[in-house]
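Peer 1: Got a structure for you, start15.txt, holding compact mmCIF, C-alpha atoms.
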```txt
# COMPACT_ATOMS: atom_id res chain seq x y z
CA MET A 1 0.00 0.00 0.00
CA PRO A 2 2.15 2.85 -1.21
CA THR A 3 1.39 5.97 0.81
CA ILE A 4 2.65 9.29 -0.48
CA THR A 5 2.28 12.34 1.77
CA ILE A 6 2.94 15.65 0.04
CA THR A 7 3.42 18.71 2.22
CA SER A 8 3.48 21.97 0.29
CA PRO A 9 1.84 25.35 -0.03
CA GLU A 10 -1.82 24.92 -0.88
CA LEU A 11 -2.38 23.25 -4.22
CA PRO A 12 -5.68 23.81 -6.03
CA ALA A 13 -8.02 20.80 -6.09
CA PRO A 14 -7.49 20.14 -9.84
CA ALA A 15 -3.70 20.06 -9.30
CA ARG A 16 -4.05 17.65 -6.35
CA ARG A 17 -6.30 15.39 -8.41
CA ALA A 18 -3.91 15.44 -11.37
CA VAL A 19 -0.99 14.44 -9.13
CA ALA A 20 -3.00 11.66 -7.45
CA VAL A 21 -4.21 10.28 -10.79
CA ARG A 22 -0.74 10.39 -12.33
CA LEU A 23 0.92 8.63 -9.39
CA THR A 24 -1.86 6.03 -9.16
CA ARG A 25 -1.55 5.25 -12.86
CA TRP A 26 2.23 4.98 -12.60
CA LEU A 27 2.03 2.59 -9.65
CA THR A 28 -0.81 0.60 -11.22
CA ALA A 29 1.31 0.06 -14.34
CA ARG A 30 3.84 -1.57 -12.01
CA GLY A 31 1.39 -4.00 -10.43
CA VAL A 32 -0.08 -2.02 -7.53
CA VAL A 33 -3.84 -2.34 -7.06
CA PRO A 34 -5.25 1.19 -7.66
CA SER A 35 -7.31 1.19 -4.46
CA HIS A 36 -4.12 0.46 -2.48
CA VAL A 37 -2.48 3.74 -3.53
CA VAL A 38 -2.84 6.48 -0.91
CA VAL A 39 -1.89 10.07 -1.79
CA ARG A 40 -2.28 12.58 1.01
CA PHE A 41 -1.89 16.35 0.63
CA VAL A 42 -0.99 18.49 3.62
CA THR A 43 -1.08 22.27 3.27
CA GLU A 44 1.89 23.81 4.97
CA PRO A 45 1.34 27.17 6.66
CA PRO A 46 3.92 29.85 5.78
CA GLY A 47 6.83 29.94 8.21
CA SER A 48 6.47 26.32 9.32
CA LEU A 49 9.32 24.77 7.27
CA TYR A 50 12.91 25.86 7.63
CA THR A 51 16.05 24.71 5.90
CA GLY A 52 19.04 25.81 7.86
CA ALA A 53 17.87 28.93 9.62
CA LEU A 54 15.72 30.21 6.76
CA PRO A 55 12.02 29.69 6.15
CA VAL A 56 11.70 28.08 2.72
CA GLU A 57 9.55 30.97 1.53
CA ALA A 58 12.68 33.15 1.76
CA LEU A 59 14.67 30.90 -0.58
CA PRO A 60 15.18 32.28 -4.06
CA SER A 61 13.26 30.66 -6.85
CA ALA A 62 13.76 30.95 -10.59
CA GLY A 63 9.99 31.45 -10.78
CA GLY A 64 7.94 31.86 -13.90
CA ASP A 65 8.56 28.33 -15.18
CA GLY A 66 5.56 26.72 -13.46
CA SER A 67 7.75 24.88 -10.96
CA LEU A 68 6.53 24.20 -7.47
CA HIS A 69 8.32 26.55 -5.06
CA HIS A 70 8.83 23.96 -2.33
CA ALA A 71 7.57 20.66 -1.00
CA GLY A 72 8.43 17.84 1.35
CA VAL A 73 7.32 14.32 0.46
CA VAL A 74 7.31 11.15 2.54
CA CYS A 75 6.77 8.02 0.50
CA GLN A 76 6.10 4.76 2.32
CA ILE A 77 6.55 1.80 -0.01
CA GLY A 78 7.03 -1.93 0.30
CA ALA A 79 10.37 -2.90 1.77
CA ASP A 80 10.79 -5.34 -1.13
CA ARG A 81 11.00 -2.53 -3.73
CA ASP A 82 14.51 -2.22 -5.15
CA ALA A 83 16.63 0.90 -5.71
CA ALA A 84 15.63 1.14 -9.39
CA PHE A 85 11.93 1.21 -8.42
CA ARG A 86 12.58 3.84 -5.71
CA ASP A 87 14.61 5.99 -8.13
CA ALA A 88 11.91 5.79 -10.80
CA LEU A 89 9.15 6.55 -8.29
CA ALA A 90 11.08 9.54 -6.93
CA ALA A 91 11.48 10.88 -10.48
CA GLU A 92 7.76 10.37 -11.16
CA ILE A 93 6.77 12.17 -7.96
CA GLY A 94 9.08 15.07 -8.86
CA ALA A 95 7.64 15.27 -12.37
CA ALA A 96 4.05 15.07 -11.10
CA LEU A 97 4.72 17.95 -8.72
CA LYS A 98 6.49 19.98 -11.43
CA VAL A 99 9.82 20.12 -9.64
CA GLY A 100 12.11 22.12 -11.89
CA PRO A 101 14.63 24.93 -12.04
CA GLY A 102 12.23 27.23 -10.20
CA THR A 103 11.92 24.86 -7.23
CA ALA A 104 13.66 26.39 -4.23
CA PHE A 105 13.41 23.33 -1.97
CA PHE A 106 12.33 19.74 -2.49
CA HIS A 107 12.89 16.89 -0.07
CA LEU A 108 11.66 13.34 -0.68
CA ASP A 109 12.07 10.66 1.98
CA MET A 110 11.53 7.03 0.91
CA GLN A 111 10.50 4.94 3.89
CA PRO A 112 10.39 1.20 3.24
CA ALA A 113 7.59 -0.48 5.17
CA ALA A 114 6.78 -4.14 5.59
CA ARG A 115 3.27 -4.85 4.30
CA GLY A 116 2.58 -6.73 7.53
CA ASP A 117 3.05 -3.46 9.45
CA VAL A 118 0.29 -1.65 7.53
CA TYR A 119 -3.36 -2.04 8.54
CA VAL A 120 -6.46 -0.97 6.64
CA ALA A 121 -10.17 -1.22 7.37
CA VAL A 122 -12.14 -3.63 5.19
CA ASP A 123 -15.86 -3.70 5.90
CA GLY A 124 -15.16 -2.18 9.31
CA GLU A 125 -12.53 -4.76 10.27
CA LEU A 126 -8.80 -4.08 10.49
CA CYS A 127 -6.75 -6.18 8.09
CA ARG A 128 -3.02 -6.36 7.50
CA ALA A 129 -1.99 -5.17 4.05
CA ASP A 130 -0.01 -8.36 3.43
CA ARG A 131 -3.28 -10.29 3.62
CA LEU A 132 -5.20 -8.20 1.09
CA GLY A 133 -4.20 -10.32 -1.93
CA GLY A 134 -6.86 -12.90 -1.22
CA ALA A 135 -9.75 -12.79 1.19
CA PRO A 136 -8.85 -10.36 3.96
CA GLU A 137 -8.54 -11.80 7.41
CA PRO A 138 -9.76 -9.53 10.21
CA ILE A 139 -7.36 -8.86 13.06
CA LYS A 140 -8.62 -10.66 16.12
CA GLU A 141 -8.02 -9.62 19.70
CA PRO A 142 -5.90 -12.20 21.53
CA ALA A 143 -7.84 -14.36 23.94
CA ALA A 144 -7.50 -13.12 27.50
```
What does this structure look like when you write it as structure tokens?

Peer 2:
Amino acid sequence: MPTITITSPELPAPARRAVAVRLTRWLTARGVVPSHVVVRFVTEPPGSLYTGALPVEALPSAGGDGSLHHAGVVCQIGADRDAAFRDALAAEIGAALKVGPGTAFFHLDMQPAARGDVYVAVDGELCRADRLGGAPEPIKEPAA
């Protein structure tokens, strides 16, 4: 269940949707079930992200080229994904967010996660992501 959390200045709803669709399609083309892709957008208030001692808003930007000024991304992906997959996914995320010469700051953190450590609700029951391939098995409370 790839989970991509994008923290940036507010993006308009059409831009968020375009990014989510693009990343979902990219992951789906590589065998991920579309409903397992999670893209979360977090709007970052001005003055809340610093690099060094400067707020990122103060960093110079080439501007005018349509590039995103700044963003931080955390991407949780299966621990079994190799370096080539991570590199390609990082490039796709950057392209989807329009990272370019005008981007003053961009930070992407790949966090491998074991599918057995991810839980989702299926019909109101918590299920481990590594059990979603077939019939999901609800998580049962241990007997007391």

Peer 1: Report as a PyMOL selection string all protein, DNA and RNA residues lying within 12 Å of Ala29 in chain A, evaluated on all atoms listed in the file, omitting residues in the same chain fewer than 6 positions from it.

Peer 2: chain A and resi 22-23+89

Peer 1: Give the answer as one residue: which of A:Ala104, A:Leu11, A:Met110, A:Val118 has the shortest atom-to-atom distance to Ala83 in chain A, using only C-alpha atoms?

Peer 2: A:Met110

Peer 1: Rounded to one decimal in Å, what is the spacing between CA of Arg17 in chain A and CA of Arg40 in chain A?

Peer 2: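 Here the two named atoms are 10.6 Å from each other.
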
Peer 1: Please identify all polymer residues within 12 Å of Thr51 in chain A, counting all atoms listed in the file, omitting same-chain residues fewer than 6 positions from it, and present them as a compact mmCIF listing (two decimals) with C-alpha atoms, keeping the file's coordinate frame.

Peer 2:
```txt
# COMPACT_ATOMS: atom_id res chain seq x y z
CA GLU A 57 9.55 30.97 1.53
CA ALA A 58 12.68 33.15 1.76
CA LEU A 59 14.67 30.90 -0.58
CA HIS A 70 8.83 23.96 -2.33
CA ALA A 71 7.57 20.66 -1.00
CA GLY A 72 8.43 17.84 1.35
CA ALA A 104 13.66 26.39 -4.23
CA PHE A 105 13.41 23.33 -1.97
CA PHE A 106 12.33 19.74 -2.49
CA HIS A 107 12.89 16.89 -0.07
```

Peer 1: Which residue is closest to Ala90 in chain A? Choose from A:Leu132, A:Leu27, A:Ile77, A:Leu108 and count only C-alpha atoms.

Peer 2: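 Residue with the minimum atom-to-atom distance to Ala90 in chain A: A:Leu108.
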
Peer 1: Considering only C-alpha atoms, can you say which of A:Ala121, A:Gly64, A:Arg30, A:Thr43 comes closest to Ala13 in chain A?

Peer 2: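 Under the stated criterion, the closest residue is A:Thr43.
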
Peer 1: Quick one, how far is CA of Asp117 in chain A from CA of Pro2 in chain A?

Peer 2: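 Straight-line distance from CA of Asp117 in chain A to CA of Pro2 in chain A works out to 12.4 Å.
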
Peer 1: Work out how far CA of Arg81 in chain A is from CA of Pro112 in chain A, in Å to one decimal.

Peer 2: 7.9 Å

Peer 1: Calculated over only C-alpha atoms, which of the candidates A:Val122, A:Ala62, A:Val74, A:Ala129 has the smallest distance to Pro101 in chain A?

Peer 2: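 Checking each candidate against Pro101 in chain A, we get A:Ala62 as the closest.
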
Peer 1: In the coordinates of the file, take the point (1.6, -2.1, 1.4) and a cut-off of 9 Å; then, counting all atoms listed in the file, name each qualifying protein, DNA or RNA residue as a PDB file with C-alpha atoms, keeping the file's coordinate frame.

Peer 2:
```pdb
ATOM      1  CA  MET A   1       0.000   0.000   0.000  1.00  0.00           C
ATOM      2  CA  PRO A   2       2.150   2.850  -1.210  1.00  0.00           C
ATOM      3  CA  THR A   3       1.390   5.970   0.810  1.00  0.00           C
ATOM      4  CA  HIS A  36      -4.120   0.460  -2.480  1.00  0.00           C
ATOM      5  CA  VAL A  37      -2.480   3.740  -3.530  1.00  0.00           C
ATOM      6  CA  GLN A  76       6.100   4.760   2.320  1.00  0.00           C
ATOM      7  CA  ILE A  77       6.550   1.800  -0.010  1.00  0.00           C
ATOM      8  CA  GLY A  78       7.030  -1.930   0.300  1.00  0.00           C
ATOM      9  CA  ALA A  79      10.370  -2.900   1.770  1.00  0.00           C
ATOM     10  CA  ALA A 113       7.590  -0.480   5.170  1.00  0.00           C
ATOM     11  CA  ALA A 114       6.780  -4.140   5.590  1.00  0.00           C
ATOM     12  CA  ARG A 115       3.270  -4.850   4.300  1.00  0.00           C
ATOM     13  CA  GLY A 116       2.580  -6.730   7.530  1.00  0.00           C
ATOM     14  CA  ASP A 117       3.050  -3.460   9.450  1.00  0.00           C
ATOM     15  CA  VAL A 118       0.290  -1.650   7.530  1.00  0.00           C
ATOM     16  CA  TYR A 119      -3.360  -2.040   8.540  1.00  0.00           C
ATOM     17  CA  ARG A 128      -3.020  -6.360   7.500  1.00  0.00           C
ATOM     18  CA  ALA A 129      -1.990  -5.170   4.050  1.00  0.00           C
ATOM     19  CA  ASP A 130      -0.010  -8.360   3.430  1.00  0.00           C
TER      20      ASP A 130
END
```

Peer 1: Assuming the input is short of atoms at range 45-59 of chain A, produce N, CA, C and O atoms for that part as a PDB file, in the frame of the given file.

Peer 2:
```pdb
ATOM      1  N   PRO A  45       1.461  25.729   6.414  1.00  0.00           N
ATOM      2  CA  PRO A  45       1.340  27.170   6.660  1.00  0.00           C
ATOM      3  C   PRO A  45       2.684  27.878   6.450  1.00  0.00           C
ATOM      4  O   PRO A  45       3.734  27.302   6.741  1.00  0.00           O
ATOM      5  N   PRO A  46       2.664  29.098   5.940  1.00  0.00           N
ATOM      6  CA  PRO A  46       3.920  29.850   5.780  1.00  0.00           C
ATOM      7  C   PRO A  46       4.674  29.927   7.103  1.00  0.00           C
ATOM      8  O   PRO A  46       4.073  30.060   8.167  1.00  0.00           O
ATOM      9  N   GLY A  47       5.993  29.826   7.022  1.00  0.00           N
ATOM     10  CA  GLY A  47       6.830  29.940   8.210  1.00  0.00           C
ATOM     11  C   GLY A  47       6.932  28.667   9.032  1.00  0.00           C
ATOM     12  O   GLY A  47       7.492  28.685  10.125  1.00  0.00           O
ATOM     13  N   SER A  48       6.422  27.558   8.524  1.00  0.00           N
ATOM     14  CA  SER A  48       6.470  26.320   9.320  1.00  0.00           C
ATOM     15  C   SER A  48       7.558  25.350   8.869  1.00  0.00           C
ATOM     16  O   SER A  48       7.791  24.346   9.520  1.00  0.00           O
ATOM     17  N   LEU A  49       8.236  25.630   7.745  1.00  0.00           N
ATOM     18  CA  LEU A  49       9.320  24.770   7.270  1.00  0.00           C
ATOM     19  C   LEU A  49      10.566  25.610   7.081  1.00  0.00           C
ATOM     20  O   LEU A  49      10.538  26.643   6.400  1.00  0.00           O
ATOM     21  N   TYR A  50      11.630  25.176   7.717  1.00  0.00           N
ATOM     22  CA  TYR A  50      12.910  25.860   7.630  1.00  0.00           C
ATOM     23  C   TYR A  50      13.952  24.909   7.065  1.00  0.00           C
ATOM     24  O   TYR A  50      13.922  23.712   7.341  1.00  0.00           O
ATOM     25  N   THR A  51      14.857  25.442   6.297  1.00  0.00           N
ATOM     26  CA  THR A  51      16.050  24.710   5.900  1.00  0.00           C
ATOM     27  C   THR A  51      17.215  25.565   6.342  1.00  0.00           C
ATOM     28  O   THR A  51      17.298  26.735   5.996  1.00  0.00           O
ATOM     29  N   GLY A  52      18.051  24.984   7.184  1.00  0.00           N
ATOM     30  CA  GLY A  52      19.040  25.810   7.860  1.00  0.00           C
ATOM     31  C   GLY A  52      18.268  26.727   8.784  1.00  0.00           C
ATOM     32  O   GLY A  52      17.362  26.304   9.478  1.00  0.00           O
ATOM     33  N   ALA A  53      18.576  27.973   8.760  1.00  0.00           N
ATOM     34  CA  ALA A  53      17.870  28.930   9.620  1.00  0.00           C
ATOM     35  C   ALA A  53      16.887  29.787   8.840  1.00  0.00           C
ATOM     36  O   ALA A  53      16.359  30.760   9.370  1.00  0.00           O
ATOM     37  N   LEU A  54      16.605  29.404   7.593  1.00  0.00           N
ATOM     38  CA  LEU A  54      15.720  30.210   6.760  1.00  0.00           C
ATOM     39  C   LEU A  54      14.389  29.520   6.506  1.00  0.00           C
ATOM     40  O   LEU A  54      14.360  28.329   6.187  1.00  0.00           O
ATOM     41  N   PRO A  55      13.293  30.274   6.591  1.00  0.00           N
ATOM     42  CA  PRO A  55      12.020  29.690   6.150  1.00  0.00           C
ATOM     43  C   PRO A  55      12.110  29.477   4.636  1.00  0.00           C
ATOM     44  O   PRO A  55      12.704  30.290   3.919  1.00  0.00           O
ATOM     45  N   VAL A  56      11.563  28.382   4.147  1.00  0.00           N
ATOM     46  CA  VAL A  56      11.700  28.080   2.720  1.00  0.00           C
ATOM     47  C   VAL A  56      11.096  29.159   1.832  1.00  0.00           C
ATOM     48  O   VAL A  56      11.539  29.331   0.702  1.00  0.00           O
ATOM     49  N   GLU A  57      10.133  29.896   2.335  1.00  0.00           N
ATOM     50  CA  GLU A  57       9.550  30.970   1.530  1.00  0.00           C
ATOM     51  C   GLU A  57      10.589  32.038   1.185  1.00  0.00           C
ATOM     52  O   GLU A  57      10.437  32.758   0.197  1.00  0.00           O
ATOM     53  N   ALA A  58      11.639  32.155   1.995  1.00  0.00           N
ATOM     54  CA  ALA A  58      12.680  33.150   1.760  1.00  0.00           C
ATOM     55  C   ALA A  58      13.714  32.689   0.739  1.00  0.00           C
ATOM     56  O   ALA A  58      14.523  33.486   0.274  1.00  0.00           O
ATOM     57  N   LEU A  59      13.693  31.416   0.378  1.00  0.00           N
ATOM     58  CA  LEU A  59      14.670  30.900  -0.580  1.00  0.00           C
ATOM     59  C   LEU A  59      14.370  31.419  -1.976  1.00  0.00           C
ATOM     60  O   LEU A  59      13.212  31.473  -2.395  1.00  0.00           O
TER      61      LEU A  59
END
```
